[in-house]
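Enquirer: First the structure, then my questions, so here it is.
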Amino acid sequence: MNAPPCPESTVLTDAAITLRPWRSEDAAAMYEAVRESMASLAAWLPWCHADYGLADAQARMQACREGWAQGELFAFAVLDTDGRLQGSAGLSQINRLHRSANAGYWLRASAQGRGWAPRALAQVARFGFEQLGLIRIEVVAEPGNLASRRTAERAGARFETIARNKIWSRDRAADAAVYSLVPSDLPSP
């Protein structure tokens with residue numbers, strides 16, 4: 001695997017969205033986006049709960065900085081063309097031996113349905129392949145999370161299986177739909 005690039009110089013962009021590493025000053029915007037999106041996110045993301053507060057967002061900003069420095073988490077704020085925070089996308093569970101990672105993403109409720117999530121996933125995957133030297137990126141979602149599954153498919157990921165007891169969610173083992181992206185799945189920029 002390649003050494004991760006400096007977060008301050010890493011910006012991923014296309015005509016509709018820009019992704020950049022999270023910054024400390026993003027905590028309030030993240031808090032606002034999560035609170036707006038509680039109904040659509042809480043069913044699938046255990047960290048998104050009724051008591052989610054600004055301190056949770058601040059802790060996430062710190063975890064993102066530390067994760068990037070350690071080469072374990074490459075999390076990006078997803079911004080629209082006006083620079084407003086619309087969500088998050090990133091790579092985690094980095095497996096250096098097998099040059100693979102998991103991709104995750106979410107968008108605030110008012111940004112959903114605009115095609116930004118597949119774009120963000122494709123940008124994060126391209127970053128993983130080109131900057132980190134990964135050869136495989138997985139998207140793992142609970143089978144009923146149809147929005148996340150559609151996003152994976154629209155970004156070019158291939159459905160592989162429903163894996164039994166693939167994830168630990170809400171204090172229980174749960175099955176998960178597994179999708180994969182490899183470098184040849186992404187169109188040329």
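Each chain of the structure tokens is named A, B, ... in the order shown, its residues numbered from 1; ligands are numbered from 1 in display order.
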How close does each residue of stretch 153-181 of chain A get to stretch 33-55 of chain A, giving the shortest atom pair and distance in Å to one decimal for every residue with an atom at most 10 Å away, counting only C-alpha atoms, sorted by chain and residue number, as a tab-separated table?
Expert:
```
residue	atom	partner	partner_atom	distance
A:Ser169	CA	A:Pro46	CA	7.0
A:Arg170	CA	A:Pro46	CA	6.5
A:Asp171	CA	A:Pro46	CA	9.8
```
Enquirer: Go ahead and dump the residues you just picked, C-alpha atoms, as a compact mmCIF listing (two decimals), in the first residue's frame.
Expert:
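Okay, this is what ended up in again19.txt:
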```txt
# COMPACT_ATOMS: atom_id res chain seq x y z
CA SER A 169 -24.90 -4.03 14.86
CA ARG A 170 -26.92 -2.91 17.88
CA ASP A 171 -25.47 -5.61 20.12
```
Enquirer: Using only C-alpha atoms, what does the table of stretch 47-139 of chain A residues within 10 Å of stretch 145-167 of chain A look like, with each row giving the shortest atom pair and its distance in Å to one decimal, sorted by chain and ascending number, as a tab-separated table?
Expert:
```
residue	atom	partner	partner_atom	distance
A:Ala103	CA	A:Ala152	CA	9.5
A:Gly104	CA	A:Ser148	CA	9.1
A:Tyr105	CA	A:Ser148	CA	8.1
A:Trp106	CA	A:Ser148	CA	8.3
A:Gln112	CA	A:Ala147	CA	9.4
A:Gly113	CA	A:Ala147	CA	9.3
A:Gly115	CA	A:Thr151	CA	8.3
A:Trp116	CA	A:Thr151	CA	9.1
A:Ala117	CA	A:Thr151	CA	6.2
A:Pro118	CA	A:Ala155	CA	4.7
A:Arg119	CA	A:Ala155	CA	6.7
A:Ala120	CA	A:Ala155	CA	8.6
A:Leu121	CA	A:Ala155	CA	6.4
A:Ala122	CA	A:Ala155	CA	5.6
A:Gln123	CA	A:Ala155	CA	9.3
A:Ala125	CA	A:Ala155	CA	9.3
A:Ile137	CA	A:Ala157	CA	8.9
A:Glu138	CA	A:Ala157	CA	8.3
A:Val139	CA	A:Ala152	CA	6.8
```
Enquirer: Go ahead and save the residues from that selection, with N, CA and C atoms, as a PDB file, in the first residue's frame.
Expert:
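The resulting out.pdb:
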```pdb
ATOM      1  N   ALA A 103     -15.879   0.893   2.326  1.00  0.00           N
ATOM      2  CA  ALA A 103     -16.335   2.250   2.047  1.00  0.00           C
ATOM      3  C   ALA A 103     -17.653   2.487   2.771  1.00  0.00           C
ATOM      4  N   GLY A 104     -17.797   3.676   3.282  1.00  0.00           N
ATOM      5  CA  GLY A 104     -19.047   4.077   3.915  1.00  0.00           C
ATOM      6  C   GLY A 104     -19.429   5.466   3.460  1.00  0.00           C
ATOM      7  N   TYR A 105     -20.716   5.785   3.556  1.00  0.00           N
ATOM      8  CA  TYR A 105     -21.200   7.078   3.098  1.00  0.00           C
ATOM      9  C   TYR A 105     -22.573   7.343   3.688  1.00  0.00           C
ATOM     10  N   TRP A 106     -22.891   8.616   3.822  1.00  0.00           N
ATOM     11  CA  TRP A 106     -24.241   9.041   4.178  1.00  0.00           C
ATOM     12  C   TRP A 106     -24.425  10.474   3.701  1.00  0.00           C
ATOM     13  N   GLN A 112     -30.418  13.913  -0.197  1.00  0.00           N
ATOM     14  CA  GLN A 112     -30.655  12.577  -0.735  1.00  0.00           C
ATOM     15  C   GLN A 112     -31.470  12.653  -2.026  1.00  0.00           C
ATOM     16  N   GLY A 113     -31.198  11.711  -2.927  1.00  0.00           N
ATOM     17  CA  GLY A 113     -31.937  11.634  -4.181  1.00  0.00           C
ATOM     18  C   GLY A 113     -31.396  12.509  -5.297  1.00  0.00           C
ATOM     19  N   GLY A 115     -28.201  12.058  -6.555  1.00  0.00           N
ATOM     20  CA  GLY A 115     -27.107  11.358  -7.218  1.00  0.00           C
ATOM     21  C   GLY A 115     -25.742  11.652  -6.637  1.00  0.00           C
ATOM     22  N   TRP A 116     -25.715  12.360  -5.515  1.00  0.00           N
ATOM     23  CA  TRP A 116     -24.432  12.719  -4.918  1.00  0.00           C
ATOM     24  C   TRP A 116     -23.765  11.551  -4.201  1.00  0.00           C
ATOM     25  N   ALA A 117     -24.528  10.650  -3.613  1.00  0.00           N
ATOM     26  CA  ALA A 117     -23.921   9.523  -2.884  1.00  0.00           C
ATOM     27  C   ALA A 117     -23.116   8.615  -3.812  1.00  0.00           C
ATOM     28  N   PRO A 118     -23.652   8.202  -4.968  1.00  0.00           N
ATOM     29  CA  PRO A 118     -22.817   7.386  -5.871  1.00  0.00           C
ATOM     30  C   PRO A 118     -21.573   8.130  -6.345  1.00  0.00           C
ATOM     31  N   ARG A 119     -21.696   9.424  -6.566  1.00  0.00           N
ATOM     32  CA  ARG A 119     -20.535  10.216  -6.982  1.00  0.00           C
ATOM     33  C   ARG A 119     -19.484  10.238  -5.878  1.00  0.00           C
ATOM     34  N   ALA A 120     -19.944  10.423  -4.636  1.00  0.00           N
ATOM     35  CA  ALA A 120     -19.013  10.447  -3.510  1.00  0.00           C
ATOM     36  C   ALA A 120     -18.332   9.093  -3.352  1.00  0.00           C
ATOM     37  N   LEU A 121     -19.103   8.015  -3.465  1.00  0.00           N
ATOM     38  CA  LEU A 121     -18.521   6.679  -3.355  1.00  0.00           C
ATOM     39  C   LEU A 121     -17.492   6.454  -4.459  1.00  0.00           C
ATOM     40  N   ALA A 122     -17.799   6.834  -5.674  1.00  0.00           N
ATOM     41  CA  ALA A 122     -16.841   6.653  -6.779  1.00  0.00           C
ATOM     42  C   ALA A 122     -15.564   7.463  -6.542  1.00  0.00           C
ATOM     43  N   GLN A 123     -15.703   8.687  -6.028  1.00  0.00           N
ATOM     44  CA  GLN A 123     -14.513   9.501  -5.757  1.00  0.00           C
ATOM     45  C   GLN A 123     -13.654   8.885  -4.658  1.00  0.00           C
ATOM     46  N   ALA A 125     -13.556   5.720  -3.832  1.00  0.00           N
ATOM     47  CA  ALA A 125     -12.944   4.502  -4.377  1.00  0.00           C
ATOM     48  C   ALA A 125     -11.737   4.853  -5.248  1.00  0.00           C
ATOM     49  N   ILE A 137     -12.362  -2.608  -2.764  1.00  0.00           N
ATOM     50  CA  ILE A 137     -13.111  -1.843  -1.781  1.00  0.00           C
ATOM     51  C   ILE A 137     -14.485  -2.482  -1.649  1.00  0.00           C
ATOM     52  N   GLU A 138     -14.878  -2.739  -0.428  1.00  0.00           N
ATOM     53  CA  GLU A 138     -16.184  -3.345  -0.180  1.00  0.00           C
ATOM     54  C   GLU A 138     -17.159  -2.319   0.381  1.00  0.00           C
ATOM     55  N   VAL A 139     -18.406  -2.476   0.002  1.00  0.00           N
ATOM     56  CA  VAL A 139     -19.523  -1.772   0.607  1.00  0.00           C
ATOM     57  C   VAL A 139     -20.345  -2.849   1.286  1.00  0.00           C
TER      58      VAL A 139
END
```
